[in-house]
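Reproduced below: final-v2.tsv, with TSV, C-alpha atoms (C1' of nucleotides).
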```tsv
chain	number	residue	atom	x	y	z
A	121	MET	CA	-5.89	4.36	-8.38
A	122	VAL	CA	-2.81	2.18	-8.34
A	123	SER	CA	-3.00	-1.26	-9.88
A	124	LEU	CA	-2.57	-4.21	-7.60
A	125	THR	CA	0.56	-5.19	-9.50
A	126	ALA	CA	2.16	-1.79	-8.95
A	127	ASP	CA	1.13	-1.99	-5.33
A	128	TYR	CA	2.96	-5.31	-4.99
A	129	ALA	CA	6.03	-3.73	-6.54
A	130	LEU	CA	5.96	-0.79	-4.15
A	131	ARG	CA	5.70	-3.06	-1.14
A	132	ALA	CA	8.55	-5.17	-2.42
A	133	MET	CA	10.71	-2.08	-2.82
A	134	LEU	CA	9.95	-1.01	0.72
A	135	LEU	CA	11.02	-4.40	2.02
A	136	LEU	CA	14.22	-4.30	0.03
A	137	ALA	CA	14.94	-0.75	1.15
A	138	ARG	CA	14.50	-1.74	4.76
A	139	ASP	CA	17.24	-4.33	4.33
A	140	GLU	CA	19.23	-2.13	2.02
A	141	THR	CA	22.62	-3.21	3.36
A	142	ASP	CA	21.59	-6.68	4.40
A	143	ARG	CA	21.36	-9.99	2.58
A	144	ALA	CA	19.30	-10.53	-0.53
A	145	LEU	CA	15.61	-11.33	-0.11
A	146	ARG	CA	14.14	-14.32	-1.89
A	147	ALA	CA	11.10	-13.93	-4.12
A	148	ASP	CA	8.94	-16.16	-1.96
A	149	GLU	CA	9.93	-14.27	1.19
A	150	ILE	CA	8.89	-11.04	-0.48
A	151	ALA	CA	5.69	-12.59	-1.78
A	152	ASP	CA	4.68	-13.91	1.62
A	153	ALA	CA	5.52	-10.65	3.36
A	154	THR	CA	3.55	-8.56	0.90
A	155	GLY	CA	0.62	-10.91	0.47
A	156	ALA	CA	1.22	-11.47	-3.23
A	157	PRO	CA	1.05	-14.88	-4.92
A	158	ARG	CA	4.55	-16.30	-5.17
A	159	ASN	CA	4.77	-16.89	-8.89
A	160	TYR	CA	3.14	-13.58	-9.59
A	161	MET	CA	5.55	-11.71	-7.37
A	162	ALA	CA	8.40	-13.47	-9.18
A	163	LYS	CA	7.15	-12.01	-12.43
A	164	VAL	CA	6.78	-8.56	-10.91
A	165	LEU	CA	10.28	-8.62	-9.45
A	166	ASN	CA	11.65	-9.79	-12.75
A	167	ALA	CA	10.14	-6.77	-14.48
A	168	VAL	CA	11.57	-4.41	-11.88
A	169	ALA	CA	14.96	-6.03	-12.29
A	170	LYS	CA	14.82	-5.61	-16.08
A	171	ALA	CA	14.17	-1.92	-15.48
A	172	GLY	CA	17.39	-1.76	-13.50
A	173	LEU	CA	15.94	-0.82	-10.13
A	174	ILE	CA	16.90	-4.07	-8.41
A	175	ASN	CA	19.52	-6.79	-8.85
A	176	SER	CA	18.76	-10.47	-8.99
A	177	THR	CA	21.06	-13.38	-8.26
A	178	ARG	CA	20.17	-17.03	-8.64
A	179	GLY	CA	21.20	-20.03	-6.67
A	180	PRO	CA	21.69	-20.50	-2.96
A	181	ALA	CA	21.82	-17.26	-0.98
A	182	GLY	CA	20.38	-15.59	-4.06
A	183	GLY	CA	17.48	-13.21	-4.24
A	184	PHE	CA	16.90	-9.54	-4.84
A	185	THR	CA	18.63	-6.36	-3.67
A	186	LEU	CA	18.23	-2.71	-4.56
A	187	ALA	CA	20.37	-1.68	-7.50
A	188	ILE	CA	20.29	2.02	-6.64
A	189	PRO	CA	19.81	3.90	-3.38
A	190	SER	CA	16.25	4.07	-2.16
A	191	THR	CA	16.61	7.85	-2.00
A	192	GLU	CA	16.80	7.91	-5.78
A	193	ILE	CA	13.75	5.76	-6.47
A	194	THR	CA	10.57	7.76	-6.71
A	195	LEU	CA	7.24	6.02	-6.37
A	196	GLY	CA	6.43	7.10	-9.92
A	197	ARG	CA	9.44	5.31	-11.24
A	198	VAL	CA	8.16	2.03	-9.82
A	199	ILE	CA	4.51	2.55	-10.58
A	200	ASP	CA	5.11	3.58	-14.17
A	201	LEU	CA	6.61	0.18	-14.88
A	202	PHE	CA	3.16	-1.35	-14.54
A	203	ASP	CA	0.45	1.25	-14.67
A	204	THR	CA	0.29	2.50	-18.20
A	205	VAL	CA	-2.13	5.34	-18.66
A	206	PRO	CA	-4.16	4.41	-21.74
A	207	GLY	CA	-6.61	7.22	-21.29
A	208	ASN	CA	-9.07	8.69	-23.70
A	209	PRO	CA	-7.30	10.39	-26.59
A	210	ARG	CA	-9.98	13.00	-26.99
A	211	CYS	CA	-9.98	16.18	-24.97
A	212	MET	CA	-12.38	16.55	-22.06
A	213	LEU	CA	-14.47	18.71	-24.32
A	214	GLY	CA	-14.54	18.11	-28.04
A	215	SER	CA	-14.10	15.11	-30.20
A	216	GLY	CA	-10.34	14.80	-30.56
A	217	PRO	CA	-7.07	15.63	-28.87
A	218	CYS	CA	-6.74	19.32	-28.13
A	219	ASP	CA	-4.78	21.34	-30.64
A	220	PRO	CA	-2.03	22.71	-28.37
A	221	ALA	CA	-2.31	26.01	-30.15
A	222	ARG	CA	-6.04	26.25	-29.54
A	223	PRO	CA	-6.79	24.28	-26.39
A	224	CYS	CA	-10.38	23.79	-25.32
A	225	ARG	CA	-11.39	25.81	-22.34
A	226	SER	CA	-11.07	23.00	-19.84
A	227	HIS	CA	-7.76	21.81	-21.19
A	228	ASP	CA	-5.41	23.61	-18.82
A	229	ALA	CA	-7.53	22.90	-15.77
A	230	TRP	CA	-7.63	19.19	-16.54
A	231	GLN	CA	-3.90	19.16	-17.14
A	232	ALA	CA	-3.41	20.82	-13.77
A	233	VAL	CA	-5.54	18.24	-12.03
A	234	THR	CA	-3.65	15.43	-13.70
A	235	ALA	CA	-0.29	16.95	-12.84
A	236	ALA	CA	-1.33	17.55	-9.26
A	237	ARG	CA	-2.24	13.91	-8.91
A	238	ARG	CA	1.00	12.76	-10.37
A	239	SER	CA	3.10	15.09	-8.28
A	240	PRO	CA	3.13	13.09	-5.04
A	241	PHE	CA	4.52	10.11	-6.94
A	242	LEU	CA	7.34	12.19	-8.33
A	243	SER	CA	8.23	14.01	-5.14
A	244	THR	CA	8.20	10.97	-2.86
A	245	THR	CA	10.92	8.34	-2.82
A	246	ILE	CA	10.95	4.84	-1.42
A	247	ALA	CA	13.28	6.14	1.31
A	248	ASP	CA	10.81	8.91	2.15
A	249	LEU	CA	8.01	6.43	2.49
A	250	LEU	CA	10.07	4.05	4.57
A	251	ASN	CA	11.09	6.79	6.98
A	252	GLY	CA	7.69	8.39	7.17
A	253	ARG	CA	9.02	11.54	5.60
A	254	VAL	CA	6.41	13.52	3.68
A	255	ASP	CA	7.04	16.11	1.05
A	256	PRO	CA	5.43	19.23	2.53
A	257	LEU	CA	4.52	20.34	-0.96
A	258	ALA	CA	2.45	17.22	-1.38
A	259	VAL	CA	0.33	18.01	1.63
A	260	HIS	CA	-2.11	20.82	1.16
A	261	PRO	CA	-5.27	20.95	3.17
A	262	VAL	CA	-8.63	20.59	1.51
A	263	PRO	CA	-11.38	23.01	2.53
A	264	GLU	CA	-13.81	21.06	4.64
A	265	SER	CA	-16.72	22.43	2.65
A	266	LEU	CA	-15.50	20.64	-0.44
A	267	ASN	CA	-14.89	17.32	1.21
A	268	VAL	CA	-18.00	15.53	0.11
A	269	ALA	CA	-16.58	12.05	0.38
B	86	MET	CA	-5.58	6.55	-12.82
B	87	VAL	CA	-9.25	7.16	-13.51
B	88	SER	CA	-11.30	4.31	-14.88
B	89	LEU	CA	-12.68	4.70	-18.35
B	90	THR	CA	-16.20	4.53	-16.95
B	91	ALA	CA	-15.56	7.41	-14.54
B	92	ASP	CA	-13.96	9.31	-17.40
B	93	TYR	CA	-17.13	8.88	-19.45
B	94	ALA	CA	-19.15	10.18	-16.54
B	95	LEU	CA	-16.96	13.25	-16.14
B	96	ARG	CA	-17.23	14.11	-19.80
B	97	ALA	CA	-20.98	13.70	-19.67
B	98	MET	CA	-21.16	16.05	-16.70
B	99	LEU	CA	-19.11	18.64	-18.55
B	100	LEU	CA	-21.49	18.47	-21.48
B	101	LEU	CA	-24.51	18.81	-19.25
B	102	ALA	CA	-22.93	21.69	-17.36
B	103	ARG	CA	-22.23	23.50	-20.62
B	104	ASP	CA	-25.96	23.39	-21.41
B	105	GLU	CA	-26.93	23.89	-17.81
B	106	THR	CA	-29.94	26.06	-18.61
B	107	ASP	CA	-30.72	24.53	-21.95
B	108	ARG	CA	-32.75	21.56	-23.04
B	109	ALA	CA	-32.10	18.02	-21.85
B	110	LEU	CA	-29.45	16.02	-23.64
B	111	ARG	CA	-30.26	12.55	-24.90
B	112	ALA	CA	-28.13	9.58	-23.90
B	113	ASP	CA	-27.09	8.88	-27.46
B	114	GLU	CA	-26.10	12.51	-28.02
B	115	ILE	CA	-23.93	12.38	-24.94
B	116	ALA	CA	-22.50	9.04	-25.96
B	117	ASP	CA	-21.57	10.25	-29.41
B	118	ALA	CA	-20.08	13.48	-28.13
B	119	THR	CA	-17.95	11.75	-25.53
B	120	GLY	CA	-16.93	8.77	-27.62
B	121	ALA	CA	-18.58	6.23	-25.35
B	122	PRO	CA	-20.68	3.29	-26.61
B	123	ARG	CA	-24.34	4.28	-26.54
B	124	ASN	CA	-25.71	1.51	-24.37
B	125	TYR	CA	-22.80	1.76	-22.04
B	126	MET	CA	-23.22	5.49	-21.61
B	127	ALA	CA	-26.88	4.86	-20.86
B	128	LYS	CA	-25.86	2.64	-17.99
B	129	VAL	CA	-23.36	5.20	-16.74
B	130	LEU	CA	-25.89	8.03	-16.86
B	131	ASN	CA	-28.41	5.87	-15.08
B	132	ALA	CA	-25.98	5.34	-12.22
B	133	VAL	CA	-25.27	9.06	-11.97
B	134	ALA	CA	-28.99	9.75	-11.94
B	135	LYS	CA	-29.55	7.26	-9.14
B	136	ALA	CA	-26.91	9.11	-7.16
B	137	GLY	CA	-28.97	12.27	-7.57
B	138	LEU	CA	-26.49	14.32	-9.54
B	139	ILE	CA	-28.58	14.44	-12.70
B	140	ASN	CA	-32.25	14.17	-13.61
B	141	SER	CA	-33.62	11.86	-16.25
B	142	THR	CA	-36.87	12.15	-18.15
B	143	ARG	CA	-38.18	9.64	-20.65
B	144	GLY	CA	-40.14	10.06	-23.78
B	145	PRO	CA	-39.96	12.73	-26.48
B	146	ALA	CA	-37.84	15.74	-25.57
B	147	GLY	CA	-36.52	13.67	-22.69
B	148	GLY	CA	-32.94	13.21	-21.68
B	149	PHE	CA	-30.65	14.27	-18.88
B	150	THR	CA	-30.08	17.54	-17.03
B	151	LEU	CA	-28.01	18.50	-14.01
B	152	ALA	CA	-29.90	18.06	-10.77
B	153	ILE	CA	-27.64	20.41	-8.82
B	154	PRO	CA	-25.48	23.34	-9.85
B	155	SER	CA	-22.19	22.40	-11.47
B	156	THR	CA	-20.42	24.52	-8.88
B	157	GLU	CA	-21.45	22.03	-6.23
B	158	ILE	CA	-20.33	18.90	-8.02
B	159	THR	CA	-16.74	18.01	-7.31
B	160	LEU	CA	-14.88	15.64	-9.58
B	161	GLY	CA	-14.50	13.27	-6.66
B	162	ARG	CA	-18.22	13.06	-6.23
B	163	VAL	CA	-18.60	11.81	-9.79
B	164	ILE	CA	-15.54	9.59	-9.85
B	165	ASP	CA	-16.35	7.89	-6.56
B	166	LEU	CA	-19.55	6.55	-8.07
B	167	PHE	CA	-17.49	4.24	-10.24
B	168	ASP	CA	-13.92	3.98	-9.02
B	169	THR	CA	-14.07	1.98	-5.86
B	170	VAL	CA	-10.75	1.74	-4.13
B	171	PRO	CA	-10.44	-1.95	-3.28
B	172	GLY	CA	-6.81	-1.67	-2.29
B	173	ASN	CA	-4.72	-4.03	-0.28
B	174	PRO	CA	-6.05	-4.29	3.26
B	175	ARG	CA	-2.60	-4.71	4.70
B	176	CYS	CA	-0.42	-1.75	5.53
B	177	MET	CA	2.48	-0.85	3.25
B	178	LEU	CA	4.73	-2.50	5.79
B	179	GLY	CA	3.52	-5.37	7.89
B	180	SER	CA	1.00	-8.11	7.34
B	181	GLY	CA	-2.28	-6.47	8.27
B	182	PRO	CA	-4.04	-3.15	8.52
B	183	CYS	CA	-2.16	-0.70	10.67
B	184	ASP	CA	-3.31	-0.40	14.24
B	185	PRO	CA	-4.21	3.31	14.35
B	186	ALA	CA	-2.69	3.49	17.81
B	187	ARG	CA	0.61	2.03	16.66
B	188	PRO	CA	0.97	2.86	12.97
B	189	CYS	CA	3.88	1.43	11.02
B	190	ARG	CA	6.54	3.94	10.19
B	191	SER	CA	5.43	4.50	6.60
B	192	HIS	CA	1.79	4.76	7.50
B	193	ASP	CA	1.47	8.53	7.75
B	194	ALA	CA	3.59	9.16	4.68
B	195	TRP	CA	1.50	6.80	2.58
B	196	GLN	CA	-1.66	8.39	3.90
B	197	ALA	CA	-0.29	11.77	2.91
B	198	VAL	CA	0.49	10.60	-0.61
B	199	THR	CA	-2.97	9.14	-0.97
B	200	ALA	CA	-4.61	12.28	0.37
B	201	ALA	CA	-2.52	14.50	-1.86
B	202	ARG	CA	-3.66	12.53	-4.88
B	203	ARG	CA	-7.25	12.74	-3.83
B	204	SER	CA	-7.13	16.43	-3.09
B	205	PRO	CA	-7.43	17.76	-6.66
B	206	PHE	CA	-10.62	15.77	-7.08
B	207	LEU	CA	-12.13	17.30	-3.98
B	208	SER	CA	-11.07	20.87	-4.65
B	209	THR	CA	-12.15	20.98	-8.28
B	210	THR	CA	-15.74	21.20	-9.42
B	211	ILE	CA	-17.32	20.51	-12.78
B	212	ALA	CA	-17.82	24.25	-13.13
B	213	ASP	CA	-14.15	24.87	-12.42
B	214	LEU	CA	-13.14	22.43	-15.08
B	215	LEU	CA	-15.57	23.82	-17.59
B	216	ASN	CA	-14.33	27.36	-17.08
B	217	GLY	CA	-10.67	26.47	-16.97
B	218	ARG	CA	-10.41	27.58	-13.40
B	219	VAL	CA	-7.74	25.80	-11.41
B	220	ASP	CA	-7.47	25.54	-7.67
B	221	PRO	CA	-4.12	27.20	-6.96
B	222	LEU	CA	-3.61	24.82	-4.08
B	223	ALA	CA	-3.73	21.95	-6.48
B	224	VAL	CA	-0.88	23.28	-8.54
B	225	HIS	CA	2.51	22.97	-6.97
B	226	PRO	CA	5.60	22.68	-9.11
B	227	VAL	CA	7.64	19.53	-9.07
B	228	PRO	CA	11.42	19.91	-8.84
B	229	GLU	CA	12.84	19.07	-12.23
B	230	SER	CA	15.40	16.76	-10.64
B	231	LEU	CA	12.64	14.47	-9.45
B	232	ASN	CA	10.76	14.34	-12.68
B	233	VAL	CA	11.94	11.01	-13.92
B	234	ALA	CA	8.98	10.36	-16.16
C	287	DC	C1'	-56.03	5.50	-26.53
C	288	DG	C1'	-52.11	4.50	-29.77
C	289	DA	C1'	-47.81	5.35	-31.80
C	290	DG	C1'	-43.39	7.01	-31.39
C	291	DT	C1'	-39.49	8.35	-28.48
C	292	DT	C1'	-36.54	7.72	-24.98
C	293	DT	C1'	-34.83	5.77	-20.61
C	294	DC	C1'	-34.15	1.54	-18.09
C	295	DT	C1'	-32.83	-3.36	-17.42
C	296	DC	C1'	-30.85	-7.75	-18.14
C	297	DA	C1'	-28.21	-11.50	-20.25
C	298	DT	C1'	-24.22	-12.22	-22.60
C	299	DC	C1'	-19.68	-11.45	-24.90
C	300	DT	C1'	-14.79	-9.98	-24.78
C	301	DG	C1'	-10.13	-8.48	-23.48
C	302	DG	C1'	-6.86	-7.50	-20.26
C	303	DA	C1'	-5.21	-7.79	-15.53
C	304	DT	C1'	-4.46	-11.14	-12.15
C	305	DA	C1'	-3.26	-15.66	-10.78
C	306	DT	C1'	-1.62	-20.54	-11.09
C	307	DG	C1'	1.27	-24.64	-12.27
C	308	DA	C1'	4.87	-26.82	-14.22
C	309	DG	C1'	8.96	-26.83	-16.12
C	310	DT	C1'	13.81	-24.67	-17.44
C	311	DA	C1'	18.12	-22.03	-16.59
C	312	DT	C1'	21.72	-20.62	-13.57
C	313	DC	C1'	24.02	-20.25	-9.49
C	314	DT	C1'	26.67	-22.11	-4.96
C	315	DC	C1'	28.81	-25.42	-2.53
C	316	DG	C1'	30.45	-29.84	-1.10
D	148	DC	C1'	31.02	-32.65	-11.30
D	149	DG	C1'	26.48	-33.39	-8.90
D	150	DA	C1'	22.85	-31.83	-6.04
D	151	DG	C1'	20.21	-28.52	-4.12
D	152	DA	C1'	18.54	-23.83	-4.23
D	153	DT	C1'	16.98	-20.19	-6.50
D	154	DA	C1'	15.48	-17.10	-10.42
D	155	DC	C1'	13.23	-17.29	-14.90
D	156	DT	C1'	9.74	-18.56	-18.47
D	157	DC	C1'	5.61	-20.10	-20.55
D	158	DA	C1'	1.02	-22.02	-21.06
D	159	DT	C1'	-3.15	-21.78	-19.12
D	160	DA	C1'	-6.92	-20.51	-15.91
D	161	DT	C1'	-9.78	-16.99	-13.58
D	162	DC	C1'	-11.91	-12.71	-12.76
D	163	DC	C1'	-13.75	-8.27	-13.76
D	164	DA	C1'	-14.26	-3.80	-16.29
D	165	DG	C1'	-15.89	-2.70	-20.47
D	166	DA	C1'	-18.92	-3.39	-24.21
D	167	DT	C1'	-22.94	-5.27	-26.75
D	168	DG	C1'	-27.84	-6.57	-28.11
D	169	DA	C1'	-32.36	-6.98	-27.38
D	170	DG	C1'	-36.13	-5.99	-25.17
D	171	DA	C1'	-39.31	-3.85	-21.38
D	172	DA	C1'	-41.02	0.33	-19.07
D	173	DA	C1'	-42.40	5.07	-19.10
D	174	DC	C1'	-43.26	9.29	-21.05
D	175	DT	C1'	-45.31	12.83	-24.79
D	176	DC	C1'	-48.33	14.15	-28.03
D	177	DG	C1'	-51.78	13.83	-31.57
```
As structure tokens:
Amino acid sequence: MVSLTADYALRAMLLLARDETDRALRADEIADATGAPRNYMAKVLNAVAKAGLINSTRGPAGGFTLAIPSTEITLGRVIDLFDTVPGNPRCMLGSGPCDPARPCRSHDAWQAVTAARRSPFLSTTIADLLNGRVDPLAVHPVPESLNVA
Amino acid sequence: MVSLTADYALRAMLLLARDETDRALRADEIADATGAPRNYMAKVLNAVAKAGLINSTRGPAGGFTLAIPSTEITLGRVIDLFDTVPGNPRCMLGSGPCDPARPCRSHDAWQAVTAARRSPFLSTTIADLLNGRVDPLAVHPVPESLNVA
DNA sequence: CGAGTTTCTCATCTGGATATGAGTATCTCG
DNA sequence: CGAGATACTCATATCCAGATGAGAAACTCG
């Protein structure tokens, strides 16, 4: 669902958002707190920093801080840095990508499912998650009869 | 998002549902039509058959057919056969699983996001997908301002 | 029964995600 | 400026989903 790497990144962002006004957090602090290997977390944080979501400073008292307010960082923005969607180029029916002009009959439905799954990542920010705030649009009940899990 | 293996399985189910009343489809037919490697698709179909969603018969004129109506097969039911959710045992904040009695403050929000992403898989059946029918609950617009993709 | 067809099974290969270790660059501060 | 602290980088190891190949088991039909 979400790669372990993206999961690490999300957790790191939550930690940084919690200390949004406070001192910088070191990579190894973040790694230990999130349960990620230290060197691996360093690489993850580096990638997030390159994307401009966090700042990094070296040397004593260095570490990482948010570069933009946590209210402006959607989950999707973090996750997309790591989870590329390779996907199957061919349409759900048929042997190639759907011609947009003549979509196969399951095309729109599949698109809707995909969009619906992406939606919570776009409508939820790090700040939302930290404060336990949930986008009401993202919560729609599932008929019990269909819950076969 | 969805593993390639689960994607193969979904496509196979769509094919079988399209010929729901017709003859059995051979593994290699299904493989070719879906773009999956033949031997690999055989393994996938075998797993779906073991789960009871499809029937398999060997020998001439053998192949696979749906074991239950496509209206009763949700996407989640197929996908769950392959996409296990290992996930990080620890809560999004904190160093272990959340105590249900005293959840961390992002616990409910994260649960909601997860549930919202799972919902389309539970509320959509193979038949829905095949006929381009979309659960209206699964389609909620995303504010343009949040669409940072 | 025998031959052909098809599913089923297993052992192995491969590539990418994950992880590790060691070393390099850059900063602060005395 | 020197030393310590920290981020950064790279080479390599590990693990697993995905893919492959070859063969065994089971069925149909003449």
Here's a check: after a least-squares fit over all in-order C-alpha atoms, write chain A in the frame of chain B, as a tab-separated table (two decimals) with C-alpha atoms, in the coordinates of the input.
```
chain	number	residue	atom	x	y	z
A	121	MET	CA	-5.74	6.35	-12.74
A	122	VAL	CA	-9.38	6.98	-13.49
A	123	SER	CA	-11.46	4.16	-14.89
A	124	LEU	CA	-12.82	4.56	-18.36
A	125	THR	CA	-16.35	4.44	-16.96
A	126	ALA	CA	-15.67	7.31	-14.57
A	127	ASP	CA	-14.05	9.18	-17.41
A	128	TYR	CA	-17.22	8.81	-19.48
A	129	ALA	CA	-19.23	10.13	-16.55
A	130	LEU	CA	-17.00	13.16	-16.14
A	131	ARG	CA	-17.26	14.03	-19.81
A	132	ALA	CA	-21.01	13.65	-19.69
A	133	MET	CA	-21.19	16.01	-16.72
A	134	LEU	CA	-19.12	18.58	-18.56
A	135	LEU	CA	-21.48	18.43	-21.52
A	136	LEU	CA	-24.50	18.81	-19.29
A	137	ALA	CA	-22.89	21.67	-17.40
A	138	ARG	CA	-22.17	23.47	-20.63
A	139	ASP	CA	-25.88	23.40	-21.44
A	140	GLU	CA	-26.88	23.91	-17.85
A	141	THR	CA	-29.85	26.14	-18.64
A	142	ASP	CA	-30.63	24.65	-22.01
A	143	ARG	CA	-32.68	21.67	-23.14
A	144	ALA	CA	-32.08	18.15	-21.94
A	145	LEU	CA	-29.44	16.08	-23.72
A	146	ARG	CA	-30.30	12.62	-24.97
A	147	ALA	CA	-28.20	9.63	-23.97
A	148	ASP	CA	-27.12	8.91	-27.52
A	149	GLU	CA	-26.12	12.54	-28.08
A	150	ILE	CA	-23.96	12.37	-24.98
A	151	ALA	CA	-22.54	9.01	-25.99
A	152	ASP	CA	-21.59	10.20	-29.46
A	153	ALA	CA	-20.08	13.42	-28.15
A	154	THR	CA	-17.98	11.66	-25.55
A	155	GLY	CA	-16.99	8.67	-27.64
A	156	ALA	CA	-18.69	6.15	-25.38
A	157	PRO	CA	-20.81	3.24	-26.65
A	158	ARG	CA	-24.46	4.26	-26.57
A	159	ASN	CA	-25.88	1.51	-24.42
A	160	TYR	CA	-22.96	1.74	-22.07
A	161	MET	CA	-23.34	5.47	-21.65
A	162	ALA	CA	-27.03	4.89	-20.93
A	163	LYS	CA	-26.05	2.66	-18.04
A	164	VAL	CA	-23.52	5.17	-16.77
A	165	LEU	CA	-26.01	8.03	-16.90
A	166	ASN	CA	-28.56	5.91	-15.14
A	167	ALA	CA	-26.15	5.35	-12.26
A	168	VAL	CA	-25.39	9.05	-12.02
A	169	ALA	CA	-29.09	9.80	-12.00
A	170	LYS	CA	-29.70	7.29	-9.19
A	171	ALA	CA	-27.04	9.13	-7.20
A	172	GLY	CA	-29.06	12.31	-7.60
A	173	LEU	CA	-26.54	14.33	-9.59
A	174	ILE	CA	-28.64	14.48	-12.76
A	175	ASN	CA	-32.32	14.27	-13.68
A	176	SER	CA	-33.72	12.00	-16.33
A	177	THR	CA	-36.96	12.34	-18.26
A	178	ARG	CA	-38.30	9.85	-20.76
A	179	GLY	CA	-40.25	10.34	-23.91
A	180	PRO	CA	-39.97	12.95	-26.61
A	181	ALA	CA	-37.84	15.95	-25.66
A	182	GLY	CA	-36.55	13.84	-22.80
A	183	GLY	CA	-32.98	13.31	-21.76
A	184	PHE	CA	-30.69	14.34	-18.96
A	185	THR	CA	-30.08	17.60	-17.10
A	186	LEU	CA	-28.02	18.52	-14.07
A	187	ALA	CA	-29.92	18.11	-10.83
A	188	ILE	CA	-27.65	20.44	-8.87
A	189	PRO	CA	-25.44	23.36	-9.88
A	190	SER	CA	-22.18	22.38	-11.49
A	191	THR	CA	-20.40	24.50	-8.89
A	192	GLU	CA	-21.46	22.00	-6.25
A	193	ILE	CA	-20.33	18.86	-8.05
A	194	THR	CA	-16.75	17.95	-7.31
A	195	LEU	CA	-14.92	15.57	-9.60
A	196	GLY	CA	-14.57	13.19	-6.66
A	197	ARG	CA	-18.29	13.02	-6.25
A	198	VAL	CA	-18.67	11.75	-9.81
A	199	ILE	CA	-15.64	9.52	-9.86
A	200	ASP	CA	-16.46	7.83	-6.58
A	201	LEU	CA	-19.67	6.51	-8.07
A	202	PHE	CA	-17.63	4.17	-10.24
A	203	ASP	CA	-14.08	3.88	-9.04
A	204	THR	CA	-14.16	1.94	-5.84
A	205	VAL	CA	-10.80	1.68	-4.17
A	206	PRO	CA	-10.43	-1.99	-3.26
A	207	GLY	CA	-6.83	-1.64	-2.24
A	208	ASN	CA	-4.66	-3.93	-0.22
A	209	PRO	CA	-5.89	-4.18	3.36
A	210	ARG	CA	-2.43	-4.64	4.75
A	211	CYS	CA	-0.21	-1.71	5.60
A	212	MET	CA	2.64	-0.79	3.28
A	213	LEU	CA	4.93	-2.44	5.77
A	214	GLY	CA	3.73	-5.36	7.84
A	215	SER	CA	1.23	-8.06	7.33
A	216	GLY	CA	-2.06	-6.45	8.32
A	217	PRO	CA	-3.82	-3.13	8.58
A	218	CYS	CA	-1.92	-0.67	10.73
A	219	ASP	CA	-3.04	-0.40	14.32
A	220	PRO	CA	-3.95	3.31	14.44
A	221	ALA	CA	-2.40	3.51	17.86
A	222	ARG	CA	0.89	2.05	16.66
A	223	PRO	CA	1.22	2.90	12.98
A	224	CYS	CA	4.11	1.49	11.01
A	225	ARG	CA	6.75	3.99	10.14
A	226	SER	CA	5.61	4.55	6.59
A	227	HIS	CA	1.97	4.81	7.52
A	228	ASP	CA	1.63	8.58	7.77
A	229	ALA	CA	3.71	9.23	4.68
A	230	TRP	CA	1.61	6.86	2.60
A	231	GLN	CA	-1.56	8.42	3.93
A	232	ALA	CA	-0.23	11.82	2.94
A	233	VAL	CA	0.54	10.66	-0.56
A	234	THR	CA	-2.91	9.16	-0.91
A	235	ALA	CA	-4.59	12.28	0.42
A	236	ALA	CA	-2.54	14.51	-1.84
A	237	ARG	CA	-3.67	12.52	-4.83
A	238	ARG	CA	-7.27	12.68	-3.82
A	239	SER	CA	-7.19	16.38	-3.08
A	240	PRO	CA	-7.48	17.69	-6.64
A	241	PHE	CA	-10.67	15.68	-7.07
A	242	LEU	CA	-12.17	17.22	-3.97
A	243	SER	CA	-11.12	20.79	-4.63
A	244	THR	CA	-12.16	20.90	-8.29
A	245	THR	CA	-15.76	21.12	-9.44
A	246	ILE	CA	-17.31	20.43	-12.81
A	247	ALA	CA	-17.81	24.20	-13.15
A	248	ASP	CA	-14.12	24.79	-12.43
A	249	LEU	CA	-13.12	22.34	-15.09
A	250	LEU	CA	-15.54	23.75	-17.62
A	251	ASN	CA	-14.29	27.29	-17.08
A	252	GLY	CA	-10.64	26.37	-16.97
A	253	ARG	CA	-10.41	27.50	-13.38
A	254	VAL	CA	-7.72	25.71	-11.38
A	255	ASP	CA	-7.49	25.46	-7.65
A	256	PRO	CA	-4.15	27.13	-6.90
A	257	LEU	CA	-3.69	24.75	-4.01
A	258	ALA	CA	-3.80	21.85	-6.41
A	259	VAL	CA	-0.92	23.19	-8.43
A	260	HIS	CA	2.44	22.91	-6.79
A	261	PRO	CA	5.56	22.68	-8.86
A	262	VAL	CA	7.66	19.55	-8.85
A	263	PRO	CA	11.43	19.95	-8.56
A	264	GLU	CA	12.86	19.18	-11.95
A	265	SER	CA	15.45	16.90	-10.40
A	266	LEU	CA	12.73	14.54	-9.25
A	267	ASN	CA	10.87	14.43	-12.51
A	268	VAL	CA	12.14	11.14	-13.80
A	269	ALA	CA	9.19	10.42	-16.03
```
Using all atoms listed in the file, find each residue in chain A having at least one atom no more than 7 Å away from chain D; report its shortest atom-to-atom pair and that distance in Å (one decimal), rows by chain then rising number, as JSON lines.
```
{"residue": "A:Arg178", "atom": "CA", "partner": "D:DT153", "partner_atom": "C1'", "distance": 5.0}
{"residue": "A:Gly179", "atom": "CA", "partner": "D:DT153", "partner_atom": "C1'", "distance": 4.2}
{"residue": "A:Pro180", "atom": "CA", "partner": "D:DA152", "partner_atom": "C1'", "distance": 4.8}
{"residue": "A:Gly182", "atom": "CA", "partner": "D:DT153", "partner_atom": "C1'", "distance": 6.2}
```
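Counting all atoms listed in the file, the residue from A:Arg225, A:Leu195, A:Asp203, A:Ala235 that sits nearest to Ala212 of chain B is A:Arg225.
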As a check of understanding: the span from atom CA of Val170 of chain B to atom CA of Ala194 of chain B is 18.4 Å
TODO: Just need the residues of chain B within 10 Å of chain C, counting all atoms listed in the file, so spit them out as a PyMOL selection string.
DONE: chain B and resi 111-113+127-128+130-131+141-149
What separates atom CA of Ile150 of chain A and atom CA of Val87 of chain B is a distance of 28.8 Å
